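Coordinates from final_1.txt are shown below (compact mmCIF, C-alpha atoms and all ligand atoms).
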# COMPACT_ATOMS: atom_id res chain seq x y z
CA MET A 1 -27.08 -40.81 -1.23
CA ALA A 2 -28.47 -38.06 1.04
CA LEU A 3 -26.48 -37.11 4.13
CA ALA A 4 -27.79 -37.71 7.64
CA VAL A 5 -28.42 -34.02 8.21
CA THR A 6 -31.28 -31.67 7.38
CA ALA A 7 -31.21 -28.84 4.86
CA ASP A 8 -32.30 -26.46 7.63
CA ALA A 9 -29.25 -27.38 9.72
CA VAL A 10 -26.80 -27.06 6.80
CA ARG A 11 -28.41 -23.81 5.63
CA THR A 12 -27.89 -22.34 9.10
CA LEU A 13 -24.32 -23.64 9.34
CA HIS A 14 -23.53 -22.28 5.89
CA ARG A 15 -24.87 -18.84 6.80
CA MET A 16 -22.78 -18.76 9.98
CA HIS A 17 -19.63 -19.86 8.14
CA ARG A 18 -20.14 -17.16 5.54
CA GLN A 19 -20.74 -14.53 8.22
CA LEU A 20 -17.56 -15.61 10.00
CA GLU A 21 -15.53 -15.52 6.78
CA ASP A 22 -16.88 -12.08 6.01
CA LEU A 23 -16.08 -10.79 9.51
CA ARG A 24 -12.61 -12.33 9.47
CA SER A 25 -11.83 -10.85 6.08
CA ARG A 26 -12.96 -7.44 7.39
CA LEU A 27 -10.72 -7.94 10.42
CA ALA A 28 -7.77 -8.79 8.14
CA ALA A 29 -8.53 -5.88 5.79
CA GLY A 30 -7.93 -3.32 8.57
CA PRO A 31 -4.22 -4.04 9.13
CA ARG A 32 -3.74 -4.36 5.36
CA ALA A 33 -5.23 -0.90 4.82
CA ILE A 34 -2.97 0.48 7.57
CA ASP A 35 0.07 -1.18 5.95
CA ALA A 36 -0.77 0.26 2.54
CA ARG A 37 -1.07 3.78 3.94
CA SER A 38 2.06 3.36 5.98
CA ARG A 39 3.99 2.24 2.89
CA ASN A 40 2.62 5.23 0.99
CA ALA A 41 3.89 7.62 3.70
CA ASP A 42 7.29 5.85 3.62
CA THR A 43 7.51 6.25 -0.16
CA ILE A 44 6.80 9.98 0.07
CA THR A 45 9.32 10.35 2.93
CA ALA A 46 11.93 8.66 0.73
CA ARG A 47 11.13 11.00 -2.18
CA LEU A 48 11.49 13.98 0.13
CA GLY A 49 14.85 12.62 1.32
CA VAL A 50 16.10 12.29 -2.26
CA LEU A 51 15.02 15.86 -3.01
CA GLN A 52 16.67 17.25 0.14
CA GLU A 53 19.89 15.50 -0.81
CA GLU A 54 19.69 17.04 -4.30
CA ILE A 55 19.16 20.49 -2.75
CA ARG A 56 22.14 19.94 -0.46
CA LYS A 57 24.37 18.99 -3.41
CA ALA A 58 23.14 21.92 -5.53
CA ARG A 59 23.88 24.32 -2.65
CA LEU A 60 27.35 22.82 -2.32
CA VAL A 61 28.00 23.48 -6.02
CA ALA A 62 26.86 27.11 -5.62
CA ASP A 63 28.98 27.56 -2.47
CA GLN A 64 32.07 26.13 -4.12
CA LYS A 65 31.67 28.43 -7.11
CA GLN A 66 31.26 31.42 -4.80
CA LEU A 67 34.50 30.48 -3.05
CA GLN A 68 36.20 30.26 -6.45
CA LEU A 69 34.82 33.67 -7.31
CA ARG A 70 36.21 35.21 -4.15
CA SER A 71 39.67 33.78 -4.72
CA MET A 72 39.53 34.98 -8.30
CA GLU A 73 38.61 38.50 -7.15
CA THR A 74 41.59 38.43 -4.77
CA ARG A 75 43.84 37.32 -7.62
CA ILE A 76 42.60 40.15 -9.84
CA LYS A 77 43.26 42.66 -7.06
CA ASP A 78 46.77 41.27 -6.54
CA CYS A 79 47.35 41.48 -10.25
CA GLU A 80 46.21 45.06 -10.28
CA ALA A 81 48.53 45.96 -7.42
CA LYS A 82 51.44 44.30 -9.21
CA ARG A 83 50.58 46.11 -12.43
CA ASN A 84 50.52 49.43 -10.62
CA ALA A 85 54.00 48.63 -9.34
CA ALA A 86 55.22 47.36 -12.73
CA LYS A 87 58.67 48.54 -13.66
CA THR A 88 58.54 47.84 -17.37
CA ASN A 89 55.96 48.36 -20.08
CA ARG A 90 56.21 44.69 -20.97
CA GLU A 91 55.41 43.65 -17.39
CA TYR A 92 52.53 46.15 -17.25
CA GLN A 93 51.12 44.81 -20.48
CA LEU A 94 51.40 41.14 -19.46
CA LEU A 95 49.67 41.78 -16.12
CA GLY A 96 46.96 43.71 -17.94
CA GLU A 97 46.38 40.75 -20.27
CA GLN A 98 46.24 38.43 -17.26
CA MET A 99 43.65 40.69 -15.61
CA ALA A 100 41.53 40.81 -18.77
CA ALA A 101 41.58 37.00 -18.99
CA ASP A 102 40.66 36.68 -15.30
CA ASP A 103 37.84 39.15 -15.78
CA GLU A 104 36.41 37.00 -18.58
CA ALA A 105 36.68 33.90 -16.39
CA LYS A 106 35.03 35.81 -13.56
CA LYS A 107 32.00 36.65 -15.75
CA VAL A 108 31.65 33.00 -16.73
CA LEU A 109 31.85 32.00 -13.08
CA GLU A 110 29.23 34.61 -12.10
CA ASP A 111 26.87 33.20 -14.72
CA GLU A 112 27.51 29.70 -13.38
CA ILE A 113 26.78 30.87 -9.83
CA LEU A 114 23.51 32.39 -11.00
CA GLU A 115 22.58 29.10 -12.68
CA ALA A 116 23.55 27.10 -9.59
CA LEU A 117 21.41 29.36 -7.36
CA GLU A 118 18.50 29.09 -9.79
CA ARG A 119 18.82 25.32 -9.63
CA VAL A 120 18.71 25.45 -5.82
CA ASP A 121 15.59 27.66 -5.97
CA GLY A 122 13.99 25.39 -8.58
CA LEU A 123 14.55 22.32 -6.44
CA LYS A 124 13.35 24.08 -3.27
CA ALA A 125 10.13 25.07 -5.03
CA THR A 126 9.25 21.39 -5.51
CA GLN A 127 9.62 20.66 -1.80
CA PRO A 128 6.41 22.19 -0.31
CA PRO A 129 4.03 20.09 -2.49
CA ILE A 130 5.83 16.90 -1.41
CA GLU A 131 5.74 18.03 2.23
CA ALA A 132 2.00 18.69 1.89
CA GLU A 133 1.54 15.28 0.29
CA LEU A 134 3.44 13.66 3.18
CA ALA A 135 1.38 15.52 5.79
CA ALA A 136 -1.83 14.35 4.07
CA ALA A 137 -0.53 10.77 3.89
CA LYS A 138 0.26 10.83 7.62
CA VAL A 139 -3.21 12.17 8.46
CA SER A 140 -4.77 9.48 6.29
CA LEU A 141 -2.66 6.81 8.03
CA GLU A 142 -3.71 8.03 11.48
CA ASP A 143 -7.37 8.21 10.40
CA MET A 144 -7.19 4.61 9.20
CA LYS A 145 -5.57 3.47 12.46
CA VAL A 146 -8.37 5.12 14.45
CA LYS A 147 -11.05 3.65 12.16
CA VAL A 148 -9.58 0.12 12.28
CA GLN A 149 -9.16 0.33 16.05
CA ALA A 150 -12.76 1.50 16.47
CA GLU A 151 -14.14 -1.29 14.28
CA ARG A 152 -12.02 -4.08 15.67
CA GLY A 153 -13.82 -4.37 19.02
CA GLY A 154 -17.22 -4.75 17.36
CA LEU A 155 -15.93 -7.25 14.82
CA ASP A 156 -14.20 -9.33 17.50
CA THR A 157 -17.39 -9.43 19.55
CA GLU A 158 -19.40 -10.44 16.50
CA VAL A 159 -16.90 -13.18 15.58
CA ALA A 160 -17.04 -14.55 19.12
CA ARG A 161 -20.85 -14.52 19.14
CA ILE A 162 -21.23 -16.28 15.79
CA ALA A 163 -18.42 -18.74 16.55
CA ALA A 164 -20.28 -19.70 19.77
CA ASP A 165 -23.57 -20.06 17.85
CA LEU A 166 -21.80 -22.18 15.26
CA GLU A 167 -20.26 -24.38 17.91
CA ARG A 168 -23.74 -25.00 19.39
CA ALA A 169 -25.24 -25.71 15.95
CA GLU A 170 -22.44 -28.16 15.16
CA GLN A 171 -23.08 -30.00 18.42
CA GLU A 172 -26.61 -30.66 17.19
CA LEU A 173 -25.43 -32.42 14.02
CA PRO A 174 -26.05 -36.16 14.02
CA THR A 175 -22.89 -37.94 15.16
CA GLU A 176 -22.58 -39.94 11.89
CA SER A 177 -22.31 -36.81 9.74
CA ARG A 178 -20.47 -34.55 12.19
CA GLU A 179 -16.99 -35.91 11.48
CA SER A 180 -17.23 -35.66 7.68
CA TYR A 181 -18.76 -32.19 8.03
CA ARG A 182 -15.85 -31.08 10.24
CA ARG A 183 -13.29 -32.55 7.84
CA MET A 184 -14.80 -30.67 4.91
CA VAL A 185 -15.13 -27.41 6.80
CA ARG A 186 -11.49 -27.67 7.91
CA SER A 187 -10.31 -27.90 4.31
CA LYS A 188 -12.88 -25.70 2.56
CA GLY A 189 -14.44 -23.38 5.14
CA ALA A 190 -17.80 -21.98 4.01
CA ASP A 191 -17.16 -23.60 0.62
CA ALA A 192 -17.88 -26.98 2.20
CA MET A 193 -21.57 -26.14 1.57
CA ALA A 194 -23.54 -24.77 -1.37
CA GLN A 195 -27.12 -23.85 -2.02
CA LEU A 196 -28.89 -25.52 -4.92
CA ASP A 197 -29.09 -23.19 -7.90
CA GLY A 198 -31.88 -24.36 -10.24
CA GLU A 199 -30.81 -27.96 -10.70
CA SER A 200 -27.12 -27.25 -10.29
CA CYS A 201 -24.66 -27.11 -7.43
CA GLY A 202 -24.39 -23.43 -6.38
CA GLY A 203 -20.70 -23.95 -5.70
CA CYS A 204 -19.35 -25.47 -8.93
CA CYS A 205 -22.38 -24.95 -11.22
CA GLN A 206 -22.44 -28.61 -12.25
CA GLN A 207 -25.87 -30.03 -13.03
CA LEU A 208 -27.00 -32.51 -10.38
CA PRO A 209 -28.59 -35.85 -11.33
CA PRO A 210 -32.42 -35.92 -11.18
CA ASN A 211 -32.54 -38.25 -8.16
CA ALA A 212 -30.31 -35.83 -6.22
CA VAL A 213 -32.55 -32.91 -7.19
CA ALA A 214 -35.55 -34.94 -6.01
CA GLU A 215 -33.92 -35.60 -2.64
CA LEU A 216 -32.95 -31.96 -2.30
CA SER A 217 -36.54 -30.90 -2.92
CA GLN A 218 -37.56 -33.03 0.06
CA GLY A 219 -35.28 -31.04 2.37
CA ARG A 220 -32.42 -33.53 2.31
CA VAL A 221 -28.75 -32.71 1.86
CA VAL A 222 -26.78 -34.31 -0.98
CA PRO A 223 -23.04 -34.17 -1.66
CA CYS A 224 -22.12 -32.72 -5.05
CA ARG A 225 -20.38 -35.46 -7.03
CA SER A 226 -18.25 -32.93 -8.83
CA CYS A 227 -16.94 -30.68 -6.04
CA GLY A 228 -17.94 -32.54 -2.88
CA ARG A 229 -19.88 -29.62 -1.38
CA MET A 230 -22.88 -30.45 0.80
CA VAL A 231 -25.73 -29.13 -1.34
CA TYR A 232 -29.04 -27.99 0.16
CA ALA A 233 -32.12 -26.43 -1.38
CA SER A 234 -33.23 -22.93 -0.47
CA ARG A 235 -36.25 -22.74 1.84
CA SER A 236 -39.34 -23.22 -0.28
CA ASP A 237 -41.40 -20.56 1.55
ZN ZN A 301 -20.43 -28.81 -6.80
Can you dump the structure from the file as structure tokens?
Ligand SMILES: [Zn+2]
Amino acid sequence: MALAVTADAVRTLHRMHRQLEDLRSRLAAGPRAIDARSRNADTITARLGVLQEEIRKARLVADQKQLQLRSMETRIKDCEAKRNAAKTNREYQLLGEQMAADDEAKKVLEDEILEALERVDGLKATQPPIEAELAAAKVSLEDMKVKVQAERGGLDTEVARIAADLERAEQELPTESRESYRRMVRSKGADAMAQLDGESCGGCCQQLPPNAVAELSQGRVVPCRSCGRMVYASRSD
């Protein structure tokens, strides 16, 4: 029933596997944090681009209306000149009516220009907060890059040290249990082992049979029948 390996050995191996998993997840978390911040900066850049395009279009509308206004002013002046040169009362009157109509249209256009310019100003006012947000996002991205870079060396060194310790500890396993241990670790990592929790497997929480608990209390290692983990008891001291 018990495996040909001591609880002390499995306890040590389990600790090293957990340390390695923790270090590797910290190593993987760095690039993920950089990616998240980089995506955030990209999103803000895209928002800024959309806004700048809106400002450009709003300006275009204002410019076009101003051109229309200028040509209308020219037309009114022409009309006035023609009226001054009118030869008949009828012609004078018609040109006067035309000028009055154009004047009305000009007022409408002037209001529209004012609205278009207000829209440009309104849009422009929303730009600085987004620019500030983008600047902050870029700083935060650079900070994270520096932090991840600074931590990586230490984590790599620690991984290498523990991996070497683990390798040595695995060499000391009895040959008959080494292969099954390696197979389980390959598929489950640190979850190939579990500490006894009361009378249950600390991995899957299933109650272990009394004879297994008895063997565990004598410092032996027993496979959990439910999850297959190598179960060991905590040190009794
Ligand atoms: Zn289990």
Proximity to Gly203 of chain A - best of A:Val231, A:Val222, A:Ala132, A:Met184, all atoms listed in the file: A:Val231
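Between atom CA of Lys65 of chain A and atom CA of Gly96 of chain A lies a distance of 24.2 Å.
Shortest atom-to-atom contact with Leu67 of chain A among A:Asp22, A:Asp102, A:Glu110, A:Glu91: A:Glu110, counting all atoms listed in the file.
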Shortest interatomic distance to ligand ZN 301 (chain A) - which of A:Val50, A:Met230, A:Cys201, A:Leu208, counting all atoms listed in the file: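 Once distances to ligand ZN 301 (chain A) are computed over all atoms listed in the file, the minimum belongs to A:Cys201.
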Distance of atom CA of Leu94 of chain A from atom CA of Lys77 of chain A, expressed in Å to one decimal place: 14.9 Å
Length of the atom CA of Glu97 of chain A to atom CA of Asn84 of chain A vector [Å]: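 Separation of atom CA of Glu97 of chain A and atom CA of Asn84 of chain A: 13.6 Å.
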Polymer residues at most 12 Å from Ile76 of chain A, all atoms listed in the file, same-chain spacing of 5 or more positions, as JSON, numbers by chain: {"A": [69, 70, 71, 81, 82, 83, 95, 96, 97, 98, 99, 100, 101, 102, 103, 104, 105, 106]}
I need the chosen residues saved as a compact mmCIF listing (two decimals), in the frame of the given file, with C-alpha atoms.
# COMPACT_ATOMS: atom_id res chain seq x y z
CA LEU A 69 34.82 33.67 -7.31
CA ARG A 70 36.21 35.21 -4.15
CA SER A 71 39.67 33.78 -4.72
CA ALA A 81 48.53 45.96 -7.42
CA LYS A 82 51.44 44.30 -9.21
CA ARG A 83 50.58 46.11 -12.43
CA LEU A 95 49.67 41.78 -16.12
CA GLY A 96 46.96 43.71 -17.94
CA GLU A 97 46.38 40.75 -20.27
CA GLN A 98 46.24 38.43 -17.26
CA MET A 99 43.65 40.69 -15.61
CA ALA A 100 41.53 40.81 -18.77
CA ALA A 101 41.58 37.00 -18.99
CA ASP A 102 40.66 36.68 -15.30
CA ASP A 103 37.84 39.15 -15.78
CA GLU A 104 36.41 37.00 -18.58
CA ALA A 105 36.68 33.90 -16.39
CA LYS A 106 35.03 35.81 -13.56
Protein and nucleic residues near ligand ZN 301 (chain A), 7 Å, only C-alpha atoms and all ligand atoms, as number ranges by chain: A: 201-206, 224-229
Asp156 of chain A environment, 9 Å, all atoms listed in the file, sequence neighbours closer than 4 positions dropped, as an mmCIF file with C-alpha atoms, keeping the file's coordinate frame:
data_model
loop_
_atom_site.group_PDB
_atom_site.id
_atom_site.type_symbol
_atom_site.label_atom_id
_atom_site.label_comp_id
_atom_site.auth_asym_id
_atom_site.auth_seq_id
_atom_site.Cartn_x
_atom_site.Cartn_y
_atom_site.Cartn_z
ATOM 1 C CA LEU A 23 -16.080 -10.790 9.510
ATOM 2 C CA ARG A 24 -12.610 -12.330 9.470
ATOM 3 C CA LEU A 27 -10.720 -7.940 10.420
ATOM 4 C CA GLU A 151 -14.140 -1.290 14.280
ATOM 5 C CA ARG A 152 -12.020 -4.080 15.670
ATOM 6 C CA ALA A 160 -17.040 -14.550 19.120
ATOM 7 C CA ARG A 161 -20.850 -14.520 19.140
#
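Closest approach to Thr43 of chain A among A:Val213, A:Leu196, A:Ala137, A:Ile162: A:Ala137, based on all atoms listed in the file.
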Among the residues A:Ile113, A:Val148, A:Val185, A:Ala9, the one that comes closest to Ala29 of chain A [using only C-alpha atoms]: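 Among the listed residues, the smallest separation from Ala29 of chain A belongs to A:Val148.
Counting only C-alpha atoms, the residue from A:Ala4, A:Val61, A:Ala233, A:Ala136 that sits nearest to Met193 of chain A is A:Ala233.
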Contacts of Glu53 of chain A within 12 Å, only C-alpha atoms, excl. fewer than 6 positions in-chain, as a list in words: Ala46, Arg47, Arg59, Leu60, Val120, Leu123, Lys124 and Gln127 of chain A
Proximity of segment 108-227 of chain A to segment 10-13 of chain A: per-residue shortest pair, 8 Å limit, only C-alpha atoms, as CSV:
residue,atom,partner,partner_atom,distance
A:Leu166,CA,A:Leu13,CA,6.6
A:Ala169,CA,A:Leu13,CA,7.0
A:Glu170,CA,A:Leu13,CA,7.6
A:Met193,CA,A:Val10,CA,7.5
A:Gln195,CA,A:Arg11,CA,7.8
A:Val221,CA,A:Val10,CA,7.8
